[in-house]
file structure.txt (compact mmCIF, C-alpha atoms)
# COMPACT_ATOMS: atom_id res chain seq x y z
CA MET A 23 13.42 -130.01 113.38
CA THR A 24 17.06 -130.34 112.32
CA ALA A 25 18.16 -131.21 108.78
CA HIS A 26 19.27 -134.63 110.06
CA GLN A 27 15.83 -135.31 111.58
CA ALA A 28 14.12 -134.19 108.38
CA SER A 29 16.22 -136.52 106.25
CA MET A 30 15.56 -139.36 108.69
CA ALA A 31 11.81 -138.69 108.40
CA ASP A 32 12.03 -138.74 104.60
CA ASN A 33 13.94 -142.02 104.57
CA PRO A 34 13.28 -143.94 107.78
CA VAL A 35 15.46 -146.90 108.72
CA PHE A 36 14.00 -150.15 110.02
CA LEU A 37 15.37 -153.16 111.82
CA GLY A 38 14.49 -156.45 110.15
CA ARG A 39 14.43 -159.59 112.27
CA GLN A 40 14.62 -162.85 110.34
CA PRO A 41 14.22 -166.06 112.35
CA ILE A 42 16.87 -168.76 112.14
CA LEU A 43 15.28 -172.18 112.64
CA ASP A 44 16.65 -175.55 113.64
CA ARG A 45 15.69 -178.73 111.80
CA ASP A 46 12.59 -179.04 114.02
CA GLN A 47 11.46 -175.55 112.92
CA ARG A 48 12.13 -173.99 116.34
CA ILE A 49 13.53 -170.46 116.44
CA VAL A 50 17.12 -170.65 117.70
CA ALA A 51 18.35 -167.18 116.70
CA TYR A 52 17.49 -164.08 114.68
CA GLU A 53 19.44 -162.42 111.91
CA LEU A 54 19.16 -158.67 112.41
CA LEU A 55 18.91 -156.79 109.13
CA PHE A 56 19.13 -153.18 107.99
CA ARG A 57 16.19 -151.97 105.89
CA THR A 58 15.05 -148.60 104.55
CA ALA A 59 11.53 -147.56 103.64
CA GLY A 60 12.32 -147.47 99.92
CA GLY A 61 13.96 -150.88 99.84
CA GLY A 62 10.86 -153.07 99.89
CA ASN A 63 11.94 -156.62 100.64
CA ALA A 64 15.49 -155.97 99.48
CA ALA A 65 18.19 -154.13 101.35
CA VAL A 66 19.59 -151.07 99.63
CA ILE A 67 22.99 -150.84 101.30
CA GLU A 68 25.66 -148.51 100.07
CA ASP A 69 27.78 -148.58 103.23
CA HIS A 70 27.90 -151.86 105.19
CA PHE A 71 29.60 -150.26 108.20
CA THR A 72 26.79 -147.71 108.58
CA ALA A 73 24.14 -150.39 108.04
CA THR A 74 25.66 -152.51 110.82
CA ALA A 75 25.94 -149.49 113.10
CA GLU A 76 22.23 -148.74 112.48
CA VAL A 77 21.30 -152.32 113.40
CA VAL A 78 23.36 -152.11 116.60
CA VAL A 79 21.87 -148.76 117.63
CA ARG A 80 18.30 -149.87 116.90
CA THR A 81 18.75 -153.17 118.73
CA PHE A 82 20.76 -152.16 121.77
CA VAL A 83 19.77 -148.53 122.32
CA GLU A 84 16.36 -147.75 120.86
CA LEU A 85 14.37 -151.00 121.01
CA GLY A 86 16.23 -152.95 123.67
CA LEU A 87 17.91 -156.31 123.41
CA ALA A 88 15.19 -158.26 125.21
CA SER A 89 12.38 -156.91 123.01
CA VAL A 90 14.28 -157.65 119.78
CA LEU A 91 15.88 -161.01 120.59
CA GLY A 92 14.10 -162.43 123.61
CA ASP A 93 16.36 -165.24 124.81
CA CYS A 94 17.83 -165.91 121.36
CA PRO A 95 21.20 -164.81 120.01
CA GLY A 96 21.32 -162.21 117.24
CA PHE A 97 23.35 -162.59 114.06
CA ILE A 98 24.70 -159.23 112.88
CA ASN A 99 26.20 -158.79 109.40
CA VAL A 100 29.68 -157.29 109.58
CA ASP A 101 32.14 -156.12 106.97
CA GLU A 102 35.90 -155.71 107.24
CA TRP A 103 35.60 -152.13 108.54
CA PHE A 104 33.24 -153.08 111.35
CA LEU A 105 35.40 -156.07 112.28
CA SER A 106 38.43 -153.81 112.63
CA SER A 107 36.60 -151.16 114.65
CA GLU A 108 36.52 -151.00 118.42
CA LEU A 109 32.71 -150.98 118.29
CA VAL A 110 32.64 -154.71 117.71
CA GLU A 111 34.22 -155.29 121.11
CA LEU A 112 31.36 -153.48 122.86
CA LEU A 113 28.79 -156.05 121.73
CA PRO A 114 27.57 -158.57 124.32
CA ARG A 115 29.50 -161.78 123.60
CA ASP A 116 26.76 -164.03 124.96
CA ARG A 117 24.04 -162.52 122.74
CA VAL A 118 25.70 -161.74 119.41
CA VAL A 119 27.12 -163.76 116.52
CA LEU A 120 29.19 -161.75 114.06
CA GLU A 121 28.08 -162.82 110.58
CA ILE A 122 30.99 -162.14 108.24
CA LEU A 123 29.72 -160.93 104.89
CA GLU A 124 30.71 -162.81 101.75
CA THR A 125 32.36 -159.60 100.50
CA VAL A 126 35.08 -159.76 103.18
CA GLU A 127 38.48 -160.72 101.79
CA PHE A 128 40.34 -163.06 104.15
CA THR A 129 43.68 -161.30 104.20
CA PRO A 130 46.20 -162.22 106.91
CA ALA A 131 45.14 -159.07 108.82
CA VAL A 132 41.46 -160.05 108.73
CA VAL A 133 42.22 -163.62 109.83
CA ALA A 134 44.35 -162.26 112.70
CA ARG A 135 41.49 -159.96 113.76
CA LEU A 136 39.00 -162.84 113.63
CA ARG A 137 41.34 -164.93 115.79
CA GLU A 138 41.62 -162.03 118.27
CA LEU A 139 37.84 -161.57 118.43
CA ARG A 140 37.36 -165.32 118.86
CA GLU A 141 39.87 -165.35 121.74
CA LYS A 142 37.86 -162.52 123.35
CA GLY A 143 34.78 -164.74 123.30
CA LEU A 144 32.90 -163.43 120.26
CA ARG A 145 31.12 -166.01 118.12
CA LEU A 146 31.62 -165.94 114.37
CA ALA A 147 29.61 -167.09 111.35
CA LEU A 148 30.21 -167.04 107.60
CA ASP A 149 27.41 -165.61 105.47
CA ASP A 150 26.38 -166.92 102.02
CA PHE A 151 29.14 -169.53 101.89
CA SER A 152 29.43 -171.00 98.40
CA ARG A 153 32.94 -172.38 97.92
CA ILE A 154 35.90 -173.71 99.85
CA GLY A 155 39.06 -171.87 98.90
CA SER A 156 42.52 -172.00 100.39
CA ASP A 157 42.00 -168.50 101.82
CA GLN A 158 39.02 -169.76 103.82
CA ILE A 159 40.70 -172.72 105.55
CA PRO A 160 42.14 -170.62 108.42
CA VAL A 161 38.74 -168.94 108.86
CA LEU A 162 36.87 -172.27 109.00
CA GLU A 163 38.99 -173.11 112.04
CA LEU A 164 37.64 -169.99 113.82
CA VAL A 165 33.94 -169.84 112.99
CA ASP A 166 31.06 -171.42 114.86
CA VAL A 167 28.51 -171.36 112.05
CA VAL A 168 28.62 -171.55 108.26
CA LYS A 169 25.48 -170.39 106.46
CA VAL A 170 25.70 -172.22 103.14
CA ASP A 171 24.20 -170.49 100.12
CA LEU A 172 22.19 -173.40 98.72
CA LEU A 173 21.61 -171.70 95.38
CA ALA A 174 25.24 -170.85 94.54
CA PRO A 175 26.99 -174.21 94.18
CA GLY A 176 25.69 -176.63 91.58
CA ALA A 177 23.45 -179.40 92.88
CA ASP A 178 26.24 -181.91 92.22
CA GLU A 179 28.79 -179.81 94.18
CA LEU A 180 26.74 -179.29 97.35
CA PRO A 181 27.15 -182.78 98.91
CA SER A 182 30.94 -182.73 98.57
CA MET A 183 31.12 -179.19 99.96
CA ILE A 184 28.99 -180.18 102.97
CA GLN A 185 31.11 -183.30 103.52
CA HIS A 186 34.26 -181.18 103.39
CA LEU A 187 32.82 -178.67 105.90
CA ARG A 188 32.09 -181.48 108.37
CA ARG A 189 35.85 -181.67 109.05
CA TRP A 190 35.44 -178.68 111.38
CA PRO A 191 33.36 -178.53 114.57
CA LEU A 192 30.88 -175.99 113.25
CA LYS A 193 27.16 -175.76 112.64
CA LEU A 194 25.80 -175.61 109.13
call {"tool": "encode", "arguments": {"input": "structure.txt", "output": "structure tokens"}}
result
Amino acid sequence: MTAHQASMADNPVFLGRQPILDRDQRIVAYELLFRTAGGGNAAVIEDHFTATAEVVVRTFVELGLASVLGDCPGFINVDEWFLSSELVELLPRDRVVLEILETVEFTPAVVARLRELREKGLRLALDDFSRIGSDQIPVLELVDVVKVDLLAPGADELPSMIQHLRRWPLKL
């Protein structure tokens, strides 16, 4: 057994699959999540790029796309580093939605990369969306899905935020 195999055995990595439901409670997609044995129900992620790479390897190489997703698309959390890598372009466009983490800063370079990925046919989603800022307007024009964090905005702010988001042809 190599040192790498031994450390993997001491701290195994799992693929979490969380269903995404429509308003009729039908499964329409799965969010694929990185989990370690010591994390319990929470993810202990120190490196988002590596966590995403682990999800991709487990889904597409080890377990197989059909056994993980069935006929549903898979939402994969991505950070700025994964977005800028060439790995992202190897993902099957018809099966994957890139879920942009809330930690990603929407610099002009990131927005340009998102536009490029969109033009190549990749679908995009925003994760844990909680505010509409001027830096997000160009991104809202590119994404297919916005996953609103219902706990972040105040109860009085949520209706106006939802109304504002309806200006774009995206799913909430």
call {"tool": "atom_distance", "arguments": {"input": "structure.txt", "atom1": "CA of Arg39 in chain A", "atom2": "CA of Asp93 in chain A"}}
result
13.9 Å
call {"tool": "closest_residue", "arguments": {"input": "structure.txt", "among": "A:Leu54, A:Val168, A:Leu139, A:Leu192", "to": "Glu124 in chain A", "atoms": "only C-alpha atoms"}}
result
A:Val168
call {"tool": "residues_around", "arguments": {"input": "structure.txt", "residues": "Lys193 in chain A", "least_positions_apart": "3", "cutoff": "12 Å", "atoms": "all atoms listed in the file", "output": "PyMOL selection string"}}
result
chain A and resi 44-45+145-148+162+165-170+184+187-190
call {"tool": "atom_distance", "arguments": {"input": "structure.txt", "atom1": "CA of Val50 in chain A", "atom2": "CA of Arg153 in chain A"}}
result
25.4 Å
call {"tool": "residues_around", "arguments": {"input": "structure.txt", "residues": "Val110 in chain A", "least_positions_apart": "3", "cutoff": "10 Å", "atoms": "only C-alpha atoms", "output": "ChimeraX atom specification"}}
result
/A:75,78,100,103-107,113-115,120,139,144
call {"tool": "atom_distance", "arguments": {"input": "structure.txt", "atom1": "CA of Asp149 in chain A", "atom2": "CA of Glu121 in chain A"}}
result
5.9 Å
call {"tool": "closest_residue", "arguments": {"input": "structure.txt", "among": "A:Asp101, A:Glu138, A:Leu55, A:Cys94", "to": "Phe36 in chain A", "atoms": "only C-alpha atoms"}}
result
A:Leu55
call {"tool": "closest_residue", "arguments": {"input": "structure.txt", "among": "A:Leu112, A:Ile98, A:Val161, A:Leu91", "to": "Phe128 in chain A", "atoms": "only C-alpha atoms"}}
result
A:Val161
call {"tool": "residues_around", "arguments": {"input": "structure.txt", "residues": "Lys142 in chain A", "least_positions_apart": "5", "cutoff": "10 Å", "atoms": "all atoms listed in the file", "output": "VMD selection string"}}
result
chain A and resid 111 115 136 to 137
call {"tool": "residues_near_point", "arguments": {"input": "structure.txt", "point": "(43.6, -168.7, 103.6)", "cutoff": "10 Å", "atoms": "all atoms listed in the file", "output": "PyMOL selection string"}}
result
chain A and resi 127-130+133+154-162
